[in-house]
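Text of the file work06.tsv, holding TSV, C-alpha atoms:
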chain	number	residue	atom	x	y	z
Z	1	MET	CA	22.59	-25.01	10.33
Z	2	SER	CA	24.30	-27.52	12.57
Z	3	ASP	CA	24.95	-31.08	11.56
Z	4	THR	CA	22.50	-32.26	14.24
Z	5	ALA	CA	19.54	-31.89	11.84
Z	6	PRO	CA	19.92	-34.72	9.29
Z	7	GLY	CA	19.24	-34.19	5.62
Z	8	LEU	CA	19.95	-30.46	5.49
Z	9	ASP	CA	23.60	-29.97	4.61
Z	10	LEU	CA	26.81	-31.58	3.51
Z	11	PHE	CA	30.03	-30.15	4.89
Z	12	HIS	CA	33.39	-30.71	3.23
Z	13	ALA	CA	36.62	-28.74	3.50
Z	14	GLY	CA	34.85	-25.83	5.14
Z	15	HIS	CA	32.19	-25.62	2.43
Z	16	ARG	CA	28.48	-26.07	3.09
Z	17	THR	CA	26.15	-27.51	0.46
Z	18	ARG	CA	22.44	-27.32	1.22
Z	19	LEU	CA	20.38	-30.34	0.24
Z	20	LYS	CA	16.92	-29.81	-1.18
Z	21	TRP	CA	13.97	-31.96	-0.17
Z	22	HIS	CA	12.63	-32.53	-3.69
Z	23	ARG	CA	8.82	-32.64	-3.81
Z	24	LEU	CA	8.88	-32.38	-0.01
Z	25	ARG	CA	10.29	-35.89	0.34
Z	26	LEU	CA	12.99	-37.12	2.69
Z	27	SER	CA	13.20	-40.48	0.91
Z	28	LEU	CA	12.07	-41.92	-2.41
Z	29	ASP	CA	9.36	-44.00	-0.76
Z	30	ALA	CA	7.83	-41.04	1.14
Z	31	PRO	CA	4.54	-39.59	-0.15
Z	32	LEU	CA	4.79	-36.57	-2.43
Z	33	PHE	CA	4.09	-33.15	-0.97
Z	34	SER	CA	3.42	-34.22	2.59
Z	35	ALA	CA	2.25	-31.41	4.88
Z	36	GLU	CA	3.90	-33.26	7.76
Z	37	THR	CA	7.27	-33.22	5.98
Z	38	MET	CA	6.85	-29.55	5.14
Z	39	ALA	CA	6.13	-28.71	8.79
Z	40	LEU	CA	9.27	-30.60	9.81
Z	41	GLY	CA	11.29	-28.76	7.17
Z	42	PHE	CA	10.00	-25.39	8.33
Z	43	SER	CA	10.91	-26.23	11.93
Z	44	VAL	CA	14.51	-27.27	11.19
Z	45	GLY	CA	15.31	-24.78	8.41
Z	46	ALA	CA	15.36	-27.17	5.45
Z	47	SER	CA	15.56	-26.27	1.78
Z	48	MET	CA	12.41	-27.73	0.20
Z	49	GLU	CA	11.02	-27.85	-3.33
Z	50	LEU	CA	7.39	-28.12	-4.26
Z	51	ASP	CA	5.39	-27.81	-7.44
Z	52	LEU	CA	2.62	-25.24	-7.77
Z	53	ARG	CA	-0.41	-25.38	-10.06
Z	54	VAL	CA	-2.84	-22.51	-10.45
Z	55	ARG	CA	-6.46	-23.03	-9.39
Z	56	GLY	CA	-9.51	-21.62	-11.12
Z	57	ASP	CA	-9.67	-18.69	-8.66
Z	58	GLY	CA	-6.05	-17.64	-9.25
Z	59	GLY	CA	-4.73	-19.23	-6.07
Z	60	PHE	CA	-2.37	-22.19	-6.10
Z	61	VAL	CA	-2.19	-25.77	-4.90
Z	62	VAL	CA	0.86	-27.96	-4.35
Z	63	LEU	CA	0.57	-30.51	-7.15
Z	64	HIS	CA	2.80	-31.58	-10.02
Z	65	ASP	CA	0.24	-32.81	-12.52
Z	66	ALA	CA	-2.12	-30.60	-14.55
Z	67	LYS	CA	-5.01	-32.97	-13.82
Z	68	LEU	CA	-6.28	-33.79	-10.35
Z	69	GLU	CA	-6.53	-37.54	-10.97
Z	70	GLY	CA	-2.74	-37.78	-11.22
Z	71	GLU	CA	-2.15	-37.18	-7.51
Z	72	THR	CA	-5.52	-36.80	-5.80
Z	73	ASN	CA	-8.89	-38.51	-5.64
Z	74	GLY	CA	-10.34	-35.68	-7.76
Z	75	HIS	CA	-10.97	-35.36	-11.48
Z	76	GLY	CA	-10.47	-32.60	-14.03
Z	77	ARG	CA	-7.93	-29.90	-14.65
Z	78	VAL	CA	-6.42	-28.17	-11.63
Z	79	CYS	CA	-6.74	-24.76	-13.34
Z	80	ASP	CA	-10.52	-25.26	-13.59
Z	81	SER	CA	-10.97	-26.29	-9.93
Z	82	THR	CA	-12.28	-24.14	-7.11
Z	83	VAL	CA	-10.55	-23.76	-3.78
Z	84	ASP	CA	-13.52	-25.43	-2.03
Z	85	ALA	CA	-13.39	-28.43	-4.35
Z	86	ILE	CA	-9.65	-28.86	-3.76
Z	87	ARG	CA	-10.05	-28.55	0.02
Z	88	ASN	CA	-12.34	-31.60	-0.11
Z	89	LEU	CA	-9.82	-33.79	-1.98
Z	90	SER	CA	-7.23	-36.21	-0.62
Z	91	MET	CA	-3.78	-36.98	-1.92
Z	92	GLN	CA	-3.52	-40.51	-3.32
Z	93	ALA	CA	-0.32	-41.05	-1.37
Z	94	GLY	CA	-0.92	-40.45	2.31
Z	95	GLY	CA	-4.60	-39.47	2.16
Z	96	THR	CA	-3.97	-35.93	3.39
Z	97	PRO	CA	-5.58	-32.84	1.84
Z	98	PRO	CA	-3.57	-31.01	-0.85
Z	99	ILE	CA	-1.59	-28.02	0.41
Z	100	LEU	CA	-2.95	-24.64	-0.68
Z	101	SER	CA	-0.88	-21.50	-1.25
Z	102	GLU	CA	-2.74	-19.80	1.59
Z	103	ASP	CA	-1.49	-22.56	3.92
Z	104	LEU	CA	2.08	-22.05	2.69
Z	105	ALA	CA	1.91	-18.34	3.40
Z	106	SER	CA	0.75	-18.83	6.97
Z	107	LEU	CA	3.36	-21.50	7.65
Z	108	LEU	CA	6.20	-19.37	6.24
Z	109	ILE	CA	5.55	-16.73	8.88
Z	110	ARG	CA	6.53	-19.19	11.63
Z	111	ALA	CA	9.33	-20.96	9.73
Z	112	HIS	CA	12.93	-21.30	10.87
Z	113	PRO	CA	14.96	-18.36	9.48
Z	114	GLU	CA	17.03	-20.67	7.25
Z	115	ALA	CA	14.02	-22.45	5.76
Z	116	LEU	CA	13.92	-22.06	1.99
Z	117	LEU	CA	10.96	-22.98	-0.18
Z	118	GLN	CA	11.39	-23.39	-3.92
Z	119	PHE	CA	8.17	-22.86	-5.84
Z	120	ASP	CA	8.50	-24.82	-9.08
Z	121	MET	CA	5.81	-23.16	-11.19
Z	122	LYS	CA	4.28	-25.81	-13.45
Z	123	ASP	CA	1.87	-23.58	-15.38
Z	124	ARG	CA	2.67	-20.95	-17.98
Z	125	LEU	CA	2.01	-17.23	-17.55
Z	126	THR	CA	-0.88	-17.48	-20.00
Z	127	THR	CA	-2.60	-19.97	-17.65
Z	128	ILE	CA	-1.70	-18.18	-14.41
Z	129	GLY	CA	-2.67	-14.73	-15.66
Z	130	GLU	CA	-3.06	-11.53	-13.69
Z	131	ARG	CA	-5.20	-13.21	-11.01
Z	132	GLY	CA	-2.44	-15.67	-10.21
Z	133	LEU	CA	0.22	-12.95	-10.14
Z	134	ASP	CA	-2.01	-10.87	-7.87
Z	135	HIS	CA	-2.42	-13.88	-5.57
Z	136	LEU	CA	1.34	-14.44	-5.35
Z	137	ALA	CA	1.89	-10.76	-4.57
Z	138	GLU	CA	-0.85	-10.74	-1.93
Z	139	TYR	CA	0.33	-13.83	-0.08
Z	140	PHE	CA	4.11	-13.84	-0.58
Z	141	SER	CA	5.26	-10.22	-0.90
Z	142	ASN	CA	6.79	-10.38	2.58
Z	143	ALA	CA	8.48	-13.76	2.16
Z	144	GLY	CA	11.73	-12.26	0.84
Z	145	GLY	CA	14.63	-14.68	1.26
Z	146	SER	CA	12.40	-17.60	2.24
Z	147	ILE	CA	11.29	-18.33	-1.34
Z	148	ILE	CA	12.86	-18.96	-4.70
Z	149	VAL	CA	10.53	-19.20	-7.69
Z	150	SER	CA	11.53	-21.34	-10.65
Z	151	GLY	CA	9.94	-22.65	-13.80
Z	152	GLY	CA	10.36	-23.25	-17.49
Z	153	ASP	CA	8.35	-20.23	-18.68
Z	154	LEU	CA	10.72	-17.25	-18.90
Z	155	ASP	CA	7.80	-14.84	-19.36
Z	156	LEU	CA	6.36	-16.02	-16.04
Z	157	ILE	CA	9.70	-15.62	-14.26
Z	158	VAL	CA	10.01	-12.04	-15.60
Z	159	ALA	CA	6.41	-11.24	-14.57
Z	160	ILE	CA	7.09	-12.54	-11.06
Z	161	LYS	CA	10.28	-10.46	-10.90
Z	162	LYS	CA	8.24	-7.33	-11.66
Z	163	ARG	CA	5.61	-8.14	-9.02
Z	164	LEU	CA	7.89	-9.60	-6.34
Z	165	PRO	CA	11.40	-8.20	-6.89
Z	166	GLU	CA	12.65	-9.33	-3.47
Z	167	ILE	CA	11.99	-13.02	-4.19
Z	168	ALA	CA	14.83	-14.99	-5.77
Z	169	ARG	CA	14.17	-16.53	-9.15
Z	170	GLY	CA	15.53	-19.42	-11.13
Z	171	ILE	CA	14.86	-20.81	-14.56
Z	172	ASP	CA	14.65	-24.37	-15.76
Z	173	PRO	CA	16.70	-25.26	-18.81
Z	174	ASN	CA	14.52	-25.03	-21.90
Z	175	ASP	CA	14.66	-24.48	-25.65
Z	176	LYS	CA	14.21	-20.73	-25.29
Z	177	LEU	CA	17.39	-20.53	-23.21
Z	178	VAL	CA	19.27	-22.50	-25.83
Z	179	GLU	CA	18.03	-20.06	-28.50
Z	180	ILE	CA	19.15	-17.05	-26.40
Z	181	LEU	CA	22.56	-18.63	-25.82
Z	182	ALA	CA	22.99	-19.38	-29.53
Z	183	ALA	CA	21.98	-15.85	-30.51
Z	184	ARG	CA	24.56	-14.36	-28.14
Z	185	ARG	CA	27.17	-16.94	-29.12

Spell out the structure here as structure tokens.
Amino acid sequence: MSDTAPGLDLFHAGHRTRLKWHRLRLSLDAPLFSAETMALGFSVGASMELDLRVRGDGGFVVLHDAKLEGETNGHGRVCDSTVDAIRNLSMQAGGTPPILSEDLASLLIRAHPEALLQFDMKDRLTTIGERGLDHLAEYFSNAGGSIIVSGGDLDLIVAIKKRLPEIARGIDPNDKLVEILAARR
């Protein structure tokens, strides 16, 4: 990526470091998870991070909080919500509709080849279940190098590896990792 697109890379001594747009924000005062920012990132090849919560139908929505009232004008748990109910909500910051996983999949097809989307999975495998894993496989099996999936639930990361082996994975530091490290000394 050239240095003409601001906010993508740092170059020093011949080394490139990619910068990640955390929660799809270009600045701390920008609204969280803006579809407009995501579209810009896809067009210029940015590295972007977003949080995913499972919906009641096994699909996903870009939200950090487990309850809708944290970031939207809705109420109740995200994992109990239908896709139609979420489509009718607005984000508290910016007033735009929440981004659905189906929207992400269609946008990824047209993204710049260097665009990278980090899915920070906020729910555990027990909440996501087989329906959620099936949804990920259906919508993102062809995304390959455009996605990295991360999260704190190691069982979820392993399950995603089995379903989508071509997608990169990462793990958040957690107590289970500390236990594994201690056991292996």

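Compared by their closest atoms to Gly41 of chain Z, and using only C-alpha atoms, the residues Z:His64, Z:Arg124, Z:His112, Z:Arg55 rank with Z:His112 nearest.
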
Test item: residues at most 7 Å from Thr72 of chain Z, all atoms listed in the file, excluding those fewer than 3 positions along its chain, as a PyMOL selection string: chain Z and resi 68-69+89-92

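Nearest-residue note for Leu40 of chain Z: choosing from Z:Arg110, Z:Thr96, Z:His12, Z:Phe140, the minimum distance belongs to Z:Arg110, counting all atoms listed in the file.
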
Report, in Å to a single decimal, how far apart atom CA of Ala35 of chain Z and atom CA of Glu166 of chain Z are.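 Separation of atom CA of Glu166 of chain Z and atom CA of Ala35 of chain Z: 25.8 Å.
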
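With distances taken over all atoms listed in the file, Z:Ala105 is the one residue among Z:Ala105, Z:Met38, Z:Leu8, Z:Ile167 lying closest to Tyr139 of chain Z.
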
Which residues are close to Leu164 of chain Z, i.e. within 9 Å by only C-alpha atoms, leaving aside same-chain residues fewer than 6 positions away? Reply as number ranges by chain. Z: 136-137, 140-141, 144

Neighbour list for segment 148-151 of chain Z as a VMD selection string, cut-off 10 Å, all atoms listed in the file, skip fewer than 4 positions in-chain: chain Z and resid 49 51 to 52 116 to 124 143 to 144 155 to 157 160 to 161 166 to 174

Which residue is closest to Glu71 of chain Z? Choose from Z:Leu19, Z:Leu100, Z:Ala93, Z:Met48 and count all atoms listed in the file.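 The answer is Z:Ala93, which sits nearest to Glu71 of chain Z.
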
Selected residue of minimal separation from Glu36 of chain Z among Z:Leu10, Z:Ala159, Z:Leu24, Z:Leu63, counting all atoms listed in the file: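 Smallest separation from Glu36 of chain Z among the options: Z:Leu24.
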
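For the atom pair formed by atom CA of Ile180 of chain Z and atom CA of Val54 of chain Z, the distance is 27.7 Å, given to one decimal.
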
What does the distance between atom CA of Ile86 of chain Z and atom CA of Asn73 of chain Z come to in Å, to one decimal place?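 Computing it gives 9.9 Å between the two atoms.
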
From Z:Ala39, Z:Val62, Z:Leu28, Z:Val44, residue lying nearest Ala115 of chain Z [all atoms listed in the file]: Z:Val44

Work out where the centre of an axis-aligned box around every listed atom of segment 87-105 of chain Z lies and how long its edges are once 8 Å is added on each side; give both in Å to one decimal as JSON.
{"center_x": -5.1, "center_y": -29.7, "center_z": 0.3, "size_x": 30.4, "size_y": 38.7, "size_z": 23.2}

Please identify all polymer residues within 8 Å of Ser81 of chain Z, counting all atoms listed in the file, omitting same-chain residues fewer than 4 positions from it, and present them as an NGL selection string. :Z and (55-57 or 76-77 or 85-86)

Write segment 5-23 of chain Z as a short mmCIF file (atom, residue, chain, number, x, y, z; two decimals), keeping the file's coordinate frame, completed to N, CA, C and O atoms.
data_model
loop_
_atom_site.label_atom_id
_atom_site.label_comp_id
_atom_site.auth_asym_id
_atom_site.auth_seq_id
_atom_site.Cartn_x
_atom_site.Cartn_y
_atom_site.Cartn_z
N ALA Z 5 20.79 -31.70 12.57
CA ALA Z 5 19.54 -31.89 11.84
C ALA Z 5 19.86 -32.63 10.54
O ALA Z 5 20.44 -32.06 9.63
N PRO Z 6 19.53 -33.93 10.46
CA PRO Z 6 19.92 -34.72 9.29
C PRO Z 6 19.18 -34.30 8.03
O PRO Z 6 18.05 -33.83 8.09
N GLY Z 7 19.86 -34.45 6.90
CA GLY Z 7 19.24 -34.19 5.62
C GLY Z 7 19.19 -32.74 5.20
O GLY Z 7 18.45 -32.38 4.30
N LEU Z 8 19.97 -31.87 5.83
CA LEU Z 8 19.95 -30.46 5.49
C LEU Z 8 21.19 -30.01 4.74
O LEU Z 8 21.09 -29.22 3.81
N ASP Z 9 22.34 -30.49 5.16
CA ASP Z 9 23.60 -29.97 4.61
C ASP Z 9 24.64 -31.07 4.48
O ASP Z 9 24.61 -32.06 5.22
N LEU Z 10 25.57 -30.81 3.57
CA LEU Z 10 26.81 -31.58 3.51
C LEU Z 10 27.94 -30.60 3.77
O LEU Z 10 27.93 -29.48 3.24
N PHE Z 11 28.88 -31.00 4.61
CA PHE Z 11 30.03 -30.15 4.89
C PHE Z 11 31.28 -30.86 4.42
O PHE Z 11 31.49 -32.05 4.72
N HIS Z 12 32.13 -30.14 3.69
CA HIS Z 12 33.39 -30.71 3.23
C HIS Z 12 34.39 -29.57 3.03
O HIS Z 12 34.10 -28.59 2.35
N ALA Z 13 35.52 -29.71 3.64
CA ALA Z 13 36.62 -28.74 3.50
C ALA Z 13 36.14 -27.31 3.74
O ALA Z 13 36.49 -26.39 3.01
N GLY Z 14 35.32 -27.14 4.77
CA GLY Z 14 34.85 -25.83 5.14
C GLY Z 14 33.74 -25.26 4.26
O GLY Z 14 33.34 -24.12 4.41
N HIS Z 15 33.24 -26.07 3.34
CA HIS Z 15 32.19 -25.62 2.43
C HIS Z 15 30.87 -26.31 2.78
O HIS Z 15 30.85 -27.51 3.02
N ARG Z 16 29.81 -25.55 2.79
CA ARG Z 16 28.48 -26.07 3.09
C ARG Z 16 27.67 -26.17 1.81
O ARG Z 16 27.57 -25.21 1.05
N THR Z 17 27.07 -27.33 1.58
CA THR Z 17 26.15 -27.51 0.46
C THR Z 17 24.80 -27.87 1.05
O THR Z 17 24.67 -28.85 1.78
N ARG Z 18 23.79 -27.05 0.73
CA ARG Z 18 22.44 -27.32 1.22
C ARG Z 18 21.79 -28.37 0.34
O ARG Z 18 21.87 -28.32 -0.87
N LEU Z 19 21.12 -29.32 0.96
CA LEU Z 19 20.38 -30.34 0.24
C LEU Z 19 18.92 -29.93 0.17
O LEU Z 19 18.36 -29.40 1.11
N LYS Z 20 18.32 -30.19 -0.97
CA LYS Z 20 16.92 -29.81 -1.18
C LYS Z 20 16.04 -31.04 -1.03
O LYS Z 20 16.32 -32.08 -1.59
N TRP Z 21 14.96 -30.90 -0.30
CA TRP Z 21 13.97 -31.96 -0.17
C TRP Z 21 13.05 -31.86 -1.38
O TRP Z 21 12.07 -31.11 -1.37
N HIS Z 22 13.36 -32.59 -2.43
CA HIS Z 22 12.63 -32.53 -3.69
C HIS Z 22 11.21 -33.07 -3.51
O HIS Z 22 11.02 -34.15 -2.96
N ARG Z 23 10.24 -32.30 -3.96
CA ARG Z 23 8.82 -32.64 -3.81
C ARG Z 23 8.44 -32.93 -2.35
O ARG Z 23 7.60 -33.77 -2.07
#
